[in-house]
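Participant: What follows is a single structure, and I will ask about it in a moment.
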Amino acid sequence: MGMFDKLIANLKASKKTIAFTEGTDPRILWAADKLLKEDLMGVVLCGNVEEVKAAAAKDGFDVSKAQILDAATYPEMEALVAQMVELRKGKMTEEECRAALTKSNYFGTMLVKAGKADALLGGATYSTADTVRPALQIIKTKKGSNLVSSSFILFREKDGQEEKIAMGDCAINLAYTDRVDKDGNVVLSAARQLAEVAVETARTAAFFGIDPKVAVLSFSTYGSGKGGTVQLSHDAVAEARSIDPELVIDGEFQFDAAVSAEVAKTKCPDSKVAGQANTFIFPLIEAGNIGYKIAQRLGGFEAYGPILQGLNAPINDLSRGCTADEVYKMAIITAGMA
């Protein structure tokens with residue numbers, strides 16, 4: 001398991017409970033069976049009790065130790081509705097909250113908010129938006145965070161050595177533009193948003209045992225190019241340093257300057273990051289998504305994520321094309337972050 005050893009040890013020492021929004025999905029049931037057999041965490045499966053049991057029995061999965069909770073029959077639903085109405089005061093009516101809670105993405109998220117589960121993993125059939133939206137509305141961003149972002153942790157063994165890197169944001173924020181008020185005043189700059197992604201990705205990297213050396217990427221190194229994302233990446237470095245003065249971060253860098261010591265000697269010899277970066281921040285989602293998939297498919301890395309950042313509780317998203325083993329591993333990551 002490599003990078004999972006410490007997470008598993010922590011989970012065995014301090015049991016957490018994870019909620020799965022898609023309780024009848026065979027990949028979820030396979031992972032739940034394995035997690036319960038290994039006694040790694042408590043499991044909540046959202047869905048109709050009889051349908052979940054039938055789906056498990058069909059493929060021979062044992063989820064007898066899991067809690068199966070159905071929004072339609074949940075005995076504490078009125079308390080959940082009241083809590084959600086308070087959380088969404090002025091934005092959703094009681095009827096709208098009640099209707100939302102019939103859906104397992106909202107129901108599961110409210111179970112986390114109510115303390116019935118420590119973490120949530122969804123997205124086996126839901127879109128990313130349908131996983132993130134309830135999290136934003138109910139769990140909300142933590143103090144000091146202005147946005148939710150994501151990162152991927154990439155892991156491989158090469159020449160007998162473990163290698164881990166982090167990449168963000170590759171899944172959530174499409175682009176970064178200044179947020180303005182009704183009078184046109186900038187209330188949250190694009191650079192500040194990208195800086196938050198950098199800081200949060202560095203924290204995620206550190207959680208997985210990476211000593212983050214953060215490179216904010218572009219197609220330019222120290223102003224060698226103009227236009228595009230160059231100024232954004234450059235300014236994000238300064239903003240990130242203001243958020244976390246201890247953070248080891250630099251840029252803007254082309255990727256070769258970030259990872260090649262030889263190139264770094266030529267382009268930016270005095271940088272504490274260039275040539276040795278292990279945490280990479282992309283200024284556009286296209287670059288991030290393409291970049292992590294290149295590392296995964298051509299570089300032989302295993303990719304874990306997207307790991308959502310900036311929320312008050314661990315809520316993570318699966319790819320709809322995920323495998324059962326990926327569900328199992330993402331459950332360990334998600335519960336391990338609780």
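The chains in the structure tokens are called A, B, ... from first to last as shown; in each chain the residues are counted from 1, and the ligands are counted from 1 in the order shown.
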Near segment 203-208 of chain A, within 12 Å and counting only C-alpha atoms, which residues show up once chain neighbours fewer than 6 positions away are dropped, as an mmCIF file with all heavy atoms, in the first residue's frame?
Facilitator:
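In the end it all went to selection-v6.cif:
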data_model
loop_
_atom_site.group_PDB
_atom_site.id
_atom_site.type_symbol
_atom_site.label_atom_id
_atom_site.label_comp_id
_atom_site.auth_asym_id
_atom_site.auth_seq_id
_atom_site.Cartn_x
_atom_site.Cartn_y
_atom_site.Cartn_z
ATOM 1 N N GLY A 2 2.132 1.155 0.407
ATOM 2 C CA GLY A 2 3.022 2.303 0.342
ATOM 3 C C GLY A 2 2.522 3.488 1.139
ATOM 4 O O GLY A 2 2.551 3.492 2.374
ATOM 5 N N MET A 3 2.050 4.505 0.438
ATOM 6 C CA MET A 3 1.667 5.764 1.060
ATOM 7 C C MET A 3 0.458 5.632 1.992
ATOM 8 O O MET A 3 0.165 6.550 2.756
ATOM 9 C CB MET A 3 1.375 6.818 0.002
ATOM 10 C CG MET A 3 0.189 6.502 -0.884
ATOM 11 S SD MET A 3 -0.209 7.849 -2.013
ATOM 12 C CE MET A 3 -1.219 8.878 -0.981
ATOM 13 N N PHE A 4 -0.233 4.510 1.972
ATOM 14 C CA PHE A 4 -1.424 4.339 2.799
ATOM 15 C C PHE A 4 -1.135 3.772 4.184
ATOM 16 O O PHE A 4 -2.021 3.752 5.039
ATOM 17 C CB PHE A 4 -2.435 3.433 2.089
ATOM 18 C CG PHE A 4 -3.093 4.087 0.911
ATOM 19 C CD1 PHE A 4 -2.533 3.994 -0.348
ATOM 20 C CD2 PHE A 4 -4.252 4.826 1.061
ATOM 21 C CE1 PHE A 4 -3.120 4.606 -1.431
ATOM 22 C CE2 PHE A 4 -4.853 5.451 -0.014
ATOM 23 C CZ PHE A 4 -4.281 5.340 -1.270
ATOM 24 N N ASP A 5 0.083 3.314 4.415
ATOM 25 C CA ASP A 5 0.389 2.646 5.679
ATOM 26 C C ASP A 5 0.080 3.513 6.895
ATOM 27 O O ASP A 5 -0.550 3.063 7.854
ATOM 28 C CB ASP A 5 1.863 2.212 5.713
ATOM 29 C CG ASP A 5 2.151 1.109 4.704
ATOM 30 O OD1 ASP A 5 1.190 0.472 4.256
ATOM 31 O OD2 ASP A 5 3.331 0.897 4.382
ATOM 32 N N LYS A 6 0.524 4.771 6.868
ATOM 33 C CA LYS A 6 0.313 5.652 8.017
ATOM 34 C C LYS A 6 -1.173 5.982 8.189
ATOM 35 O O LYS A 6 -1.691 6.014 9.316
ATOM 36 C CB LYS A 6 1.117 6.938 7.850
ATOM 37 C CG LYS A 6 1.040 7.867 9.067
ATOM 38 C CD LYS A 6 1.916 9.093 8.893
ATOM 39 C CE LYS A 6 1.815 10.013 10.114
ATOM 40 N NZ LYS A 6 2.649 11.228 9.952
ATOM 41 N N LEU A 7 -1.870 6.210 7.071
ATOM 42 C CA LEU A 7 -3.297 6.490 7.145
ATOM 43 C C LEU A 7 -4.056 5.323 7.775
ATOM 44 O O LEU A 7 -4.926 5.519 8.633
ATOM 45 C CB LEU A 7 -3.858 6.762 5.746
ATOM 46 C CG LEU A 7 -3.555 8.121 5.110
ATOM 47 C CD1 LEU A 7 -4.055 8.142 3.676
ATOM 48 C CD2 LEU A 7 -4.171 9.252 5.901
ATOM 49 N N SER A 149 -11.126 24.037 -3.686
ATOM 50 C CA SER A 149 -10.232 23.630 -4.765
ATOM 51 C C SER A 149 -9.963 22.138 -4.632
ATOM 52 O O SER A 149 -10.542 21.461 -3.782
ATOM 53 C CB SER A 149 -8.923 24.428 -4.711
ATOM 54 O OG SER A 149 -8.217 24.173 -3.503
ATOM 55 N N SER A 150 -9.094 21.636 -5.474
ATOM 56 C CA SER A 150 -8.779 20.206 -5.403
ATOM 57 C C SER A 150 -7.314 19.968 -5.720
ATOM 58 O O SER A 150 -6.651 20.812 -6.330
ATOM 59 C CB SER A 150 -9.641 19.409 -6.391
ATOM 60 O OG SER A 150 -9.194 19.617 -7.719
ATOM 61 N N SER A 151 -6.850 18.825 -5.295
ATOM 62 C CA SER A 151 -5.498 18.409 -5.658
ATOM 63 C C SER A 151 -5.487 16.904 -5.892
ATOM 64 O O SER A 151 -6.397 16.186 -5.474
ATOM 65 C CB SER A 151 -4.486 18.776 -4.569
ATOM 66 O OG SER A 151 -4.787 18.109 -3.361
ATOM 67 N N PHE A 152 -4.471 16.461 -6.567
ATOM 68 C CA PHE A 152 -4.200 15.044 -6.742
ATOM 69 C C PHE A 152 -2.855 14.739 -6.103
ATOM 70 O O PHE A 152 -1.903 15.519 -6.225
ATOM 71 C CB PHE A 152 -4.138 14.660 -8.226
ATOM 72 C CG PHE A 152 -5.489 14.471 -8.865
ATOM 73 C CD1 PHE A 152 -6.216 15.572 -9.294
ATOM 74 C CD2 PHE A 152 -6.031 13.207 -9.023
ATOM 75 C CE1 PHE A 152 -7.458 15.415 -9.879
ATOM 76 C CE2 PHE A 152 -7.278 13.038 -9.606
ATOM 77 C CZ PHE A 152 -7.995 14.143 -10.032
ATOM 78 N N ILE A 153 -2.790 13.622 -5.415
ATOM 79 C CA ILE A 153 -1.515 13.100 -4.938
ATOM 80 C C ILE A 153 -1.113 11.983 -5.887
ATOM 81 O O ILE A 153 -1.888 11.060 -6.152
ATOM 82 C CB ILE A 153 -1.628 12.560 -3.497
ATOM 83 C CG1 ILE A 153 -2.052 13.688 -2.545
ATOM 84 C CG2 ILE A 153 -0.300 11.946 -3.050
ATOM 85 C CD1 ILE A 153 -1.073 14.829 -2.416
ATOM 86 N N LEU A 154 0.095 12.086 -6.407
ATOM 87 C CA LEU A 154 0.596 11.085 -7.342
ATOM 88 C C LEU A 154 1.746 10.328 -6.702
ATOM 89 O O LEU A 154 2.638 10.925 -6.085
ATOM 90 C CB LEU A 154 1.040 11.747 -8.649
ATOM 91 C CG LEU A 154 -0.125 12.302 -9.478
ATOM 92 C CD1 LEU A 154 -0.326 13.776 -9.212
ATOM 93 C CD2 LEU A 154 0.085 12.063 -10.963
ATOM 94 N N PHE A 155 1.721 9.010 -6.850
ATOM 95 C CA PHE A 155 2.663 8.131 -6.146
ATOM 96 C C PHE A 155 3.205 7.082 -7.104
ATOM 97 O O PHE A 155 2.475 6.525 -7.915
ATOM 98 C CB PHE A 155 1.932 7.451 -4.986
ATOM 99 C CG PHE A 155 2.731 6.378 -4.289
ATOM 100 C CD1 PHE A 155 3.617 6.703 -3.284
ATOM 101 C CD2 PHE A 155 2.588 5.044 -4.653
ATOM 102 C CE1 PHE A 155 4.348 5.719 -2.650
ATOM 103 C CE2 PHE A 155 3.312 4.049 -4.021
ATOM 104 C CZ PHE A 155 4.198 4.392 -3.019
ATOM 105 N N GLU A 163 8.154 7.775 -4.547
ATOM 106 C CA GLU A 163 8.150 9.150 -5.036
ATOM 107 C C GLU A 163 6.719 9.677 -4.980
ATOM 108 O O GLU A 163 5.794 9.042 -5.481
ATOM 109 C CB GLU A 163 8.667 9.184 -6.470
ATOM 110 C CG GLU A 163 8.888 10.572 -7.027
ATOM 111 C CD GLU A 163 9.512 10.533 -8.418
ATOM 112 O OE1 GLU A 163 9.953 9.458 -8.852
ATOM 113 O OE2 GLU A 163 9.526 11.598 -9.062
ATOM 114 N N LYS A 164 6.516 10.836 -4.353
ATOM 115 C CA LYS A 164 5.193 11.440 -4.227
ATOM 116 C C LYS A 164 5.251 12.896 -4.657
ATOM 117 O O LYS A 164 6.188 13.616 -4.296
ATOM 118 C CB LYS A 164 4.698 11.364 -2.768
ATOM 119 C CG LYS A 164 4.303 9.975 -2.310
ATOM 120 C CD LYS A 164 3.794 9.984 -0.884
ATOM 121 C CE LYS A 164 4.925 10.105 0.117
ATOM 122 N NZ LYS A 164 4.478 9.877 1.514
ATOM 123 N N ILE A 165 4.252 13.307 -5.418
ATOM 124 C CA ILE A 165 4.122 14.707 -5.795
ATOM 125 C C ILE A 165 2.654 15.110 -5.662
ATOM 126 O O ILE A 165 1.766 14.258 -5.587
ATOM 127 C CB ILE A 165 4.623 14.993 -7.229
ATOM 128 C CG1 ILE A 165 3.850 14.145 -8.251
ATOM 129 C CG2 ILE A 165 6.116 14.758 -7.336
ATOM 130 C CD1 ILE A 165 4.225 14.444 -9.695
ATOM 131 N N ALA A 166 2.403 16.416 -5.608
ATOM 132 C CA ALA A 166 1.042 16.933 -5.532
ATOM 133 C C ALA A 166 0.800 17.890 -6.687
ATOM 134 O O ALA A 166 1.709 18.609 -7.118
ATOM 135 C CB ALA A 166 0.825 17.652 -4.204
ATOM 136 N N MET A 167 -0.449 17.904 -7.183
ATOM 137 C CA MET A 167 -0.829 18.802 -8.268
ATOM 138 C C MET A 167 -2.200 19.411 -7.979
ATOM 139 O O MET A 167 -3.121 18.713 -7.565
ATOM 140 C CB MET A 167 -0.884 18.058 -9.606
ATOM 141 C CG MET A 167 0.448 17.562 -10.112
ATOM 142 S SD MET A 167 0.278 16.777 -11.747
ATOM 143 C CE MET A 167 2.014 16.567 -12.184
ATOM 144 N N GLY A 168 -2.334 20.701 -8.195
ATOM 145 C CA GLY A 168 -3.621 21.361 -8.000
ATOM 146 C C GLY A 168 -3.713 22.601 -8.884
ATOM 147 O O GLY A 168 -2.692 23.151 -9.277
ATOM 148 N N ASP A 169 -4.865 23.078 -9.235
ATOM 149 C CA ASP A 169 -6.155 22.444 -9.131
ATOM 150 C C ASP A 169 -6.428 21.784 -10.480
ATOM 151 O O ASP A 169 -6.331 22.438 -11.501
ATOM 152 C CB ASP A 169 -7.207 23.505 -8.806
ATOM 153 C CG ASP A 169 -8.617 22.951 -8.623
ATOM 154 O OD1 ASP A 169 -8.875 21.826 -9.057
ATOM 155 O OD2 ASP A 169 -9.453 23.658 -8.057
ATOM 156 N N GLU A 196 -4.612 30.778 -2.869
ATOM 157 C CA GLU A 196 -5.281 29.887 -1.917
ATOM 158 C C GLU A 196 -5.164 28.435 -2.361
ATOM 159 O O GLU A 196 -4.972 27.530 -1.540
ATOM 160 C CB GLU A 196 -6.751 30.277 -1.765
ATOM 161 C CG GLU A 196 -6.971 31.504 -0.912
ATOM 162 C CD GLU A 196 -8.428 31.689 -0.504
ATOM 163 O OE1 GLU A 196 -9.184 30.691 -0.495
ATOM 164 O OE2 GLU A 196 -8.811 32.822 -0.181
ATOM 165 N N VAL A 197 -5.290 28.201 -3.669
ATOM 166 C CA VAL A 197 -5.100 26.845 -4.189
ATOM 167 C C VAL A 197 -3.698 26.348 -3.853
ATOM 168 O O VAL A 197 -3.505 25.203 -3.423
ATOM 169 C CB VAL A 197 -5.337 26.798 -5.713
ATOM 170 C CG1 VAL A 197 -4.987 25.417 -6.273
ATOM 171 C CG2 VAL A 197 -6.772 27.157 -6.052
ATOM 172 N N VAL A 214 6.768 24.370 -3.570
ATOM 173 C CA VAL A 214 5.647 24.686 -4.453
ATOM 174 C C VAL A 214 6.091 25.528 -5.646
ATOM 175 O O VAL A 214 6.676 26.604 -5.484
ATOM 176 C CB VAL A 214 4.544 25.439 -3.676
ATOM 177 C CG1 VAL A 214 3.322 25.665 -4.564
ATOM 178 C CG2 VAL A 214 4.160 24.675 -2.412
ATOM 179 N N ASP A 244 0.834 32.631 3.838
ATOM 180 C CA ASP A 244 1.676 31.739 4.644
ATOM 181 C C ASP A 244 3.147 32.079 4.412
ATOM 182 O O ASP A 244 3.771 31.558 3.481
ATOM 183 C CB ASP A 244 1.397 30.281 4.275
ATOM 184 C CG ASP A 244 2.192 29.296 5.132
ATOM 185 O OD1 ASP A 244 2.985 29.741 5.995
ATOM 186 O OD2 ASP A 244 2.018 28.069 4.944
ATOM 187 N N GLU A 246 5.740 31.135 5.767
ATOM 188 C CA GLU A 246 6.667 30.012 5.897
ATOM 189 C C GLU A 246 6.666 29.098 4.677
ATOM 190 O O GLU A 246 7.509 28.210 4.557
ATOM 191 C CB GLU A 246 6.316 29.186 7.144
ATOM 192 C CG GLU A 246 6.356 29.972 8.448
ATOM 193 C CD GLU A 246 7.733 30.551 8.715
ATOM 194 O OE1 GLU A 246 8.724 29.816 8.552
ATOM 195 O OE2 GLU A 246 7.806 31.740 9.078
ATOM 196 N N LEU A 247 5.720 29.284 3.796
ATOM 197 C CA LEU A 247 5.577 28.403 2.645
ATOM 198 C C LEU A 247 6.760 28.555 1.695
ATOM 199 O O LEU A 247 7.166 29.674 1.360
ATOM 200 C CB LEU A 247 4.277 28.731 1.908
ATOM 201 C CG LEU A 247 3.897 27.849 0.722
ATOM 202 C CD1 LEU A 247 3.624 26.423 1.177
ATOM 203 C CD2 LEU A 247 2.662 28.424 0.021
ATOM 204 N N VAL A 248 7.321 27.435 1.256
ATOM 205 C CA VAL A 248 8.407 27.446 0.272
ATOM 206 C C VAL A 248 7.759 27.406 -1.106
ATOM 207 O O VAL A 248 7.308 26.364 -1.574
ATOM 208 C CB VAL A 248 9.353 26.250 0.478
ATOM 209 C CG1 VAL A 248 10.492 26.296 -0.550
ATOM 210 C CG2 VAL A 248 9.916 26.251 1.892
ATOM 211 N N ALA A 277 11.056 21.101 -7.295
ATOM 212 C CA ALA A 277 9.652 21.229 -6.918
ATOM 213 C C ALA A 277 8.986 19.857 -6.824
ATOM 214 O O ALA A 277 9.302 18.939 -7.582
ATOM 215 C CB ALA A 277 8.915 22.100 -7.924
ATOM 216 N N ASN A 278 8.048 19.745 -5.889
ATOM 217 C CA ASN A 278 7.264 18.510 -5.761
ATOM 218 C C ASN A 278 5.768 18.794 -5.620
ATOM 219 O O ASN A 278 4.964 17.871 -5.492
ATOM 220 C CB ASN A 278 7.752 17.676 -4.568
ATOM 221 C CG ASN A 278 7.755 18.467 -3.261
ATOM 222 O OD1 ASN A 278 7.010 19.424 -3.087
ATOM 223 N ND2 ASN A 278 8.620 18.066 -2.335
ATOM 224 N N THR A 279 5.404 20.070 -5.630
ATOM 225 C CA THR A 279 4.003 20.472 -5.528
ATOM 226 C C THR A 279 3.766 21.508 -6.621
ATOM 227 O O THR A 279 4.390 22.572 -6.620
ATOM 228 C CB THR A 279 3.701 21.058 -4.136
ATOM 229 O OG1 THR A 279 4.024 20.074 -3.141
ATOM 230 C CG2 THR A 279 2.244 21.457 -4.004
ATOM 231 N N PHE A 280 2.867 21.179 -7.545
ATOM 232 C CA PHE A 280 2.736 21.961 -8.774
ATOM 233 C C PHE A 280 1.355 22.594 -8.853
ATOM 234 O O PHE A 280 0.332 21.911 -8.718
ATOM 235 C CB PHE A 280 2.976 21.063 -9.992
ATOM 236 C CG PHE A 280 4.308 20.365 -9.955
ATOM 237 C CD1 PHE A 280 4.421 19.074 -9.461
ATOM 238 C CD2 PHE A 280 5.455 21.009 -10.389
ATOM 239 C CE1 PHE A 280 5.645 18.433 -9.404
ATOM 240 C CE2 PHE A 280 6.694 20.384 -10.335
ATOM 241 C CZ PHE A 280 6.787 19.087 -9.840
ATOM 242 N N ILE A 281 1.333 23.905 -9.096
ATOM 243 C CA ILE A 281 0.081 24.656 -9.159
ATOM 244 C C ILE A 281 -0.126 25.137 -10.593
ATOM 245 O O ILE A 281 0.720 25.825 -11.164
ATOM 246 C CB ILE A 281 0.115 25.860 -8.197
ATOM 247 C CG1 ILE A 281 0.498 25.404 -6.786
ATOM 248 C CG2 ILE A 281 -1.236 26.573 -8.202
ATOM 249 C CD1 ILE A 281 -0.386 24.316 -6.192
ATOM 250 N N TYR A 304 -4.303 9.803 -6.976
ATOM 251 C CA TYR A 304 -5.367 9.739 -5.980
ATOM 252 C C TYR A 304 -6.017 11.111 -5.863
ATOM 253 O O TYR A 304 -5.378 12.099 -5.522
ATOM 254 C CB TYR A 304 -4.810 9.292 -4.634
ATOM 255 C CG TYR A 304 -4.163 7.924 -4.699
ATOM 256 C CD1 TYR A 304 -2.778 7.788 -4.718
ATOM 257 C CD2 TYR A 304 -4.942 6.778 -4.800
ATOM 258 C CE1 TYR A 304 -2.187 6.541 -4.810
ATOM 259 C CE2 TYR A 304 -4.351 5.520 -4.894
ATOM 260 C CZ TYR A 304 -2.981 5.410 -4.904
ATOM 261 O OH TYR A 304 -2.403 4.173 -5.004
ATOM 262 N N GLY A 305 -7.311 11.152 -6.133
ATOM 263 C CA GLY A 305 -8.039 12.400 -6.072
ATOM 264 C C GLY A 305 -9.236 12.365 -7.000
ATOM 265 O O GLY A 305 -9.570 11.317 -7.552
ATOM 266 N N PRO A 306 -9.911 13.504 -7.201
ATOM 267 C CA PRO A 306 -9.561 14.796 -6.617
ATOM 268 C C PRO A 306 -9.850 14.859 -5.118
ATOM 269 O O PRO A 306 -10.900 14.395 -4.662
ATOM 270 C CB PRO A 306 -10.454 15.783 -7.377
ATOM 271 C CG PRO A 306 -11.632 14.966 -7.820
ATOM 272 C CD PRO A 306 -11.106 13.597 -8.069
ATOM 273 N N ILE A 307 -8.902 15.407 -4.379
ATOM 274 C CA ILE A 307 -9.062 15.632 -2.943
ATOM 275 C C ILE A 307 -9.532 17.076 -2.782
ATOM 276 O O ILE A 307 -8.830 18.012 -3.164
ATOM 277 C CB ILE A 307 -7.730 15.387 -2.215
ATOM 278 C CG1 ILE A 307 -7.300 13.926 -2.380
ATOM 279 C CG2 ILE A 307 -7.853 15.760 -0.739
ATOM 280 C CD1 ILE A 307 -5.857 13.661 -2.018
ATOM 281 N N LEU A 308 -10.741 17.253 -2.248
ATOM 282 C CA LEU A 308 -11.293 18.593 -2.114
ATOM 283 C C LEU A 308 -10.658 19.332 -0.945
ATOM 284 O O LEU A 308 -10.413 18.750 0.106
ATOM 285 C CB LEU A 308 -12.805 18.534 -1.940
ATOM 286 C CG LEU A 308 -13.591 17.874 -3.085
ATOM 287 C CD1 LEU A 308 -15.085 18.060 -2.873
ATOM 288 C CD2 LEU A 308 -13.176 18.423 -4.445
ATOM 289 N N GLN A 309 -10.418 20.620 -1.143
ATOM 290 C CA GLN A 309 -9.705 21.457 -0.176
ATOM 291 C C GLN A 309 -10.514 22.698 0.152
ATOM 292 O O GLN A 309 -11.250 23.212 -0.691
ATOM 293 C CB GLN A 309 -8.357 21.880 -0.764
ATOM 294 C CG GLN A 309 -7.486 20.716 -1.199
ATOM 295 C CD GLN A 309 -6.264 21.104 -2.004
ATOM 296 O OE1 GLN A 309 -5.286 20.372 -2.012
ATOM 297 N NE2 GLN A 309 -6.296 22.224 -2.705
ATOM 298 N N GLY A 310 -10.364 23.173 1.396
ATOM 299 C CA GLY A 310 -10.997 24.419 1.790
ATOM 300 C C GLY A 310 -12.326 24.258 2.501
ATOM 301 O O GLY A 310 -12.938 25.260 2.879
ATOM 302 N N PRO A 314 -14.144 16.655 5.647
ATOM 303 C CA PRO A 314 -13.673 15.938 4.454
ATOM 304 C C PRO A 314 -14.832 15.440 3.588
ATOM 305 O O PRO A 314 -15.576 14.551 3.986
ATOM 306 C CB PRO A 314 -12.880 14.765 5.030
ATOM 307 C CG PRO A 314 -12.657 15.072 6.465
ATOM 308 C CD PRO A 314 -13.811 15.924 6.883
ATOM 309 N N ILE A 333 -8.344 7.669 2.282
ATOM 310 C CA ILE A 333 -7.869 9.047 2.263
ATOM 311 C C ILE A 333 -8.876 9.983 2.932
ATOM 312 O O ILE A 333 -8.529 10.803 3.786
ATOM 313 C CB ILE A 333 -7.595 9.502 0.823
ATOM 314 C CG1 ILE A 333 -6.331 8.810 0.281
ATOM 315 C CG2 ILE A 333 -7.453 11.021 0.726
ATOM 316 C CD1 ILE A 333 -6.100 9.021 -1.205
ATOM 317 N N THR A 334 -10.136 9.835 2.553
ATOM 318 C CA THR A 334 -11.186 10.749 3.045
ATOM 319 C C THR A 334 -11.391 10.615 4.539
ATOM 320 O O THR A 334 -11.409 11.615 5.275
ATOM 321 C CB THR A 334 -12.495 10.492 2.279
ATOM 322 O OG1 THR A 334 -12.244 10.581 0.869
ATOM 323 C CG2 THR A 334 -13.554 11.510 2.666
ATOM 324 N N GLY A 336 -9.295 9.331 6.602
ATOM 325 C CA GLY A 336 -8.024 9.678 7.230
ATOM 326 C C GLY A 336 -7.853 11.168 7.432
ATOM 327 O O GLY A 336 -7.077 11.589 8.306
ATOM 328 N N MET A 337 -8.570 11.973 6.669
ATOM 329 C CA MET A 337 -8.464 13.427 6.787
ATOM 330 C C MET A 337 -9.409 13.981 7.861
ATOM 331 O O MET A 337 -9.357 15.161 8.175
ATOM 332 C CB MET A 337 -8.765 14.085 5.436
ATOM 333 C CG MET A 337 -7.760 13.709 4.352
ATOM 334 S SD MET A 337 -8.164 14.400 2.715
ATOM 335 C CE MET A 337 -7.697 16.106 2.949
ATOM 336 N N ALA A 338 -10.263 13.116 8.404
ATOM 337 C CA ALA A 338 -11.247 13.578 9.387
ATOM 338 C C ALA A 338 -10.595 13.812 10.739
ATOM 339 O O ALA A 338 -9.600 13.178 11.081
ATOM 340 C CB ALA A 338 -12.362 12.560 9.510
#
Participant: Figure out the distance between atom CA of Arg320 of chain A and atom CA of Ala129 of chain A, please, to one decimal in Å.
Facilitator: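 Value for the atom CA of Ala129 of chain A-atom CA of Arg320 of chain A distance: 12.2 Å.
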Participant: Residues within 10 Å of Lys34 of chain A, please, as number ranges by chain. Count only C-alpha atoms; anything in the same chain fewer than 6 positions from it doesn't count.
Facilitator: A: 28, 40, 61-63, 325, 328
Participant: Return as an MDAnalysis selection string the full set of residues in segment 23-263 of chain A whose backbone-based DSSP assignment is strand (DSSP E or B).
Facilitator: chainID A and resid 41:46 67:69 119:122 141 149:158 161:168 179:180 186:188 214:217 249:253
Participant: When distances are computed from only C-alpha atoms, which of A:Ala79, A:Gly251, A:Gly123, A:Arg156 shows the smallest separation from Arg297 of chain A?
Facilitator: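 Nearest to Arg297 of chain A: A:Arg156.
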Participant: From the options A:Pro283, A:Gly23, A:Gly321, A:Gly288, which residue's atoms come nearest to Leu194 of chain A, counting only C-alpha atoms?
Facilitator: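 Looking only at the distances to Leu194 of chain A, the closest residue turns out to be A:Pro283.
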Participant: Pick from A:Ile290, A:Phe282, A:Asp270, A:Ala264: nearest to Val216 of chain A, with only C-alpha atoms counted?
Facilitator: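 The closest residue to Val216 of chain A is A:Phe282.
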Participant: Could you check which of A:Ala171, A:Ala198, A:Ala261, A:Ala9 is closest to Arg241 of chain A, using only C-alpha atoms?
Facilitator: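 Answer, going by the shortest atom-to-atom distance: A:Ala198.
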Participant: Give the answer as one residue: which of A:Tyr176, A:Gly299, A:Ala274, A:Ala114 has the shortest atom-to-atom distance to Gln231 of chain A, using only C-alpha atoms?
Facilitator: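 Counting only C-alpha atoms, the residue closest to Gln231 of chain A is A:Tyr176.
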